[in-house]
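Below: the structure, in structure tokens.
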Number of protein chains: 2
Amino acid sequence: MKKTPTVYDVAARAGVSIATVSFTFRRPERVRDSTRESVRAAARELGYVPNGNARGLAHGRTGALGLYSFDYLLDSPAPDGASSGSVDPETGAMIIGEDSNDDFRSFPLYVDEVQRGVELECWRQGYALMVGGRGQGGSEQLVADIAGRVDGLAVFPRTVPYDVLHHIARRIPVVEISEPSHDDRLNHVTVNNVAGMQALMEHLITAHGLRDLLFVGDLETSDSQARFDAFRAVLRAASLHIPRQPLSHRAGTKRSATAIVAHLLTRQRMPDGLVCATDHEALAVIDALREQGIEVPSQVAVTGFDGIAAGRLARPTLTTVRQPMEQVGRATVDILLDRLARPDEAPVSRELPVRVVLRESCGCRQG
Amino acid sequence: MKKTPTVYDVAARAGVSIATVSFTFRRPERVRDSTRESVRAAARELGYVPNGNARGLAHGRTGALGLYSFDYLLDSPAPDGASSGSVDPETGAMIIGEDSNDDFRSFPLYVDEVQRGVELECWRQGYALMVGGRGQGGSEQLVADIAGRVDGLAVFPRTVPYDVLHHIARRIPVVEISEPSHDDRLNHVTVNNVAGMQALMEHLITAHGLRDLLFVGDLETSDSQARFDAFRAVLRAASLHIPRQPLSHRAGTKRSATAIVAHLLTRQRMPDGLVCATDHEALAVIDALREQGIEVPSQVAVTGFDGIAAGRLARPTLTTVRQPMEQVGRATVDILLDRLARPDEAPVSRELPVRVVLRESCGCRQG
DNA sequence: GTGAAAGCGCTAACAA
DNA sequence: TTGTTAGCGCTTTCAC
């Protein structure tokens, strides 16, 4: 590859000025047919592709939004190929008799579905999306990199330090997903955790008659915190016993789920139900319970929150509160574009509704 | 938002030159401690975020790769919220007794899982990823836009016209995913369709004794074509009847699946098995069969190809050939970065292995 | 260790 | 309709 052709090259070749070349691409109708054709021909022959950086620089806008994400994988399963199976000697294709659902535990997760919504809405609006994330050891540098090349930025909670975020927010609109407003310069999109938890709890208490309920989850995110608060509020209203602390479930790892179950076994009796802060945690708990021979839901009910795909595949299927993840993503883009259209408006917060999805793990029959 | 601060502002505020500001960010070690601090302070106070476009322009590289995708949704289900369910009057949360697996039919699909691989590998390597795609009516313009702002581009097959692709390939390395090399200037990542189909067919013929096999699928992609060719080759080798044409299944839509089943009903008897070009098509066919009261696999076996998530959720679970989608994505990035490292090397093609996944729809017991 | 200055490739007035 | 001419904000020699 030799030096990439520029407007100058095209202009020279077509025998026009660079402005005409630029016009030919941006405002074709304002150029005479003949010149337009010769410019296009020159561009074609030269293999000219307008440099987006230069355009963005000159024009002031990039036509792209940014999303900073996070690789939430924790106890992630081995990737393709590491699993067992016999290799067909003839073809080299692997034949396996069964496969686990493990991959589903890691994809798609909450972030993936939200991201999908962001993408779809970006494309619909003619924007490109620049996504970045912390890989293993990935530099935090990347956020700033992205922030510098987009018109607006969305971030998942706890992926970027607040000082950095506020810094960026002075330059472009920023939406913090799934984190309520804390009186800052950021925009927010959240879901109604309280209503979801209330409805779920009401179902557990009313329909299944559960009384001794425990909450499982770390309280590291405000979603989890909000859910725990709502959990306690419902118990209080129902005059039931209110656990002071959640059973801490560090990031939904297998190890911590095992510890929780071990702890439960020290109690007089199993609780009636375990209300988990997230599906991810719920699934890990169910696994750990099964390992101890405790059956869900007959011996103890378990519920999740979020509505990730894995919950539908699990056995028993997981009762949960589903967030409208795609809509969360779309709303995020909406807000960003809106802020872009009229800057120096105050930041906004949008809250989306959730819905309870009853499946097997709460004691309902078929999911 | 007032004018965004630039190097000049920071330089002025810190009482240094712009070169020093730049150095402070790129080569902190080459700047005296005191100046470094004052520059950083100025940057902080001003809310300075380096403009990525300007950087890319001056520096020549963007540190981002591009992925052009496609919204493959066809008979897509209504998005969240349109489904039935009763609203809890108290909380506004929806309570529903059951939920379908429809969402899974549209996400994650093949492209989504490959994209995930691309993302993960990009991040691991410290690159950002710019994704674009044709939304409904989305401009094809977007490809060029993206191509102009990244160091390398990956595209899914049939998303971008070849003249455009070759044009772009003169400027930056391009990987065409899932399309074998056709003697062009593009790089390619494919999977071993032939071996996969052979192994699958051998299973159907040997283990289940199926003889009268039909192929379902349009032949619009080279993946499908390769699978059909391999399908025929196996039948030939086994001296079985070879259908000349596939049962054309336009893009796996419900309508065309229905038409296929209607066609099958005109035959003397059901075939033993339907080998489908993709999972997506297989699932639609199974649905259509069920609607006519034909049971899979007892009355007719059905197999897919790809290994998308929905195949595991379907009833019966879908026997298929799984592509290592994440690996396809990672390999794509690998190639791109490699081409970047040494340009003017010849384009490469990489083929990845597949594996057969036996589940219920072929007649095997538990999936 | 720091500054001056020349671009990087394109857009958008403003002229012609 | 087309050309001239400033920048857009940053990187990077090359002097000092």
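Within each chain, counting starts at residue 1; across the structure tokens, chains are named A, B, ... in the order shown, with ligands numbered 1 upward in that order.
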
Interface list for chain A, partner chain D, 7 Å threshold, only C-alpha atoms (C1' of nucleotides), as a PyMOL selection string: chain A and resi 17+20+31-32+57-58

Just the residues within 9 Å of Asp272 (chain A), please, counting only C-alpha atoms (C1' of nucleotides), with nothing from its chain fewer than 6 positions along; format it as a PyMOL selection string. chain A and resi 209-214+299-302

Store the residues picked out above in a file with C-alpha atoms, as a short mmCIF file (atom, residue, chain, number, x, y, z; two decimals), in the first residue's frame.
data_model
loop_
_atom_site.label_atom_id
_atom_site.label_comp_id
_atom_site.auth_asym_id
_atom_site.auth_seq_id
_atom_site.Cartn_x
_atom_site.Cartn_y
_atom_site.Cartn_z
CA GLY A 209 -47.23 -17.97 50.95
CA LEU A 210 -43.52 -17.52 51.57
CA ARG A 211 -42.65 -15.76 54.81
CA ASP A 212 -39.04 -16.40 55.63
CA LEU A 213 -37.27 -14.56 52.83
CA LEU A 214 -33.61 -13.75 52.50
CA GLN A 299 -37.19 -26.92 49.30
CA VAL A 300 -36.46 -23.28 48.74
CA ALA A 301 -37.66 -20.81 46.14
CA VAL A 302 -35.14 -18.65 44.31
#

Check the DSSP output for the backbone and give back, as a PyMOL selection string, the residues of region 6-56 of chain B in helix (DSSP H, G or I). chain B and resi 7-14+18-26+28-30+33-46+52-56

Enter the distance from CA of Pro324 (chain B) to CA of Leu352 (chain B), in Å, rounded to one decimal.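 Going from CA of Pro324 (chain B) over to CA of Leu352 (chain B) covers 7.5 Å.
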
Listing only residues of chain C within 12 Å of chain B, what is the closest atom pair and its distance in Å (to one decimal) for each, using only C-alpha atoms (C1' of nucleotides), sorted by chain and residue number ascending, as CSV?
residue,atom,partner,partner_atom,distance
C:DG1,C1',B:Val31,CA,6.2
C:DT2,C1',B:Thr20,CA,6.7
C:DG3,C1',B:Ser17,CA,6.2
C:DA4,C1',B:Ser17,CA,9.2
C:DA5,C1',B:Ala19,CA,10.6
C:DA6,C1',B:Ala58,CA,11.4
C:DG7,C1',B:Ala58,CA,8.0
C:DC8,C1',B:Ala58,CA,4.4
C:DG9,C1',B:Leu57,CA,7.3
C:DC10,C1',B:Leu57,CA,10.1
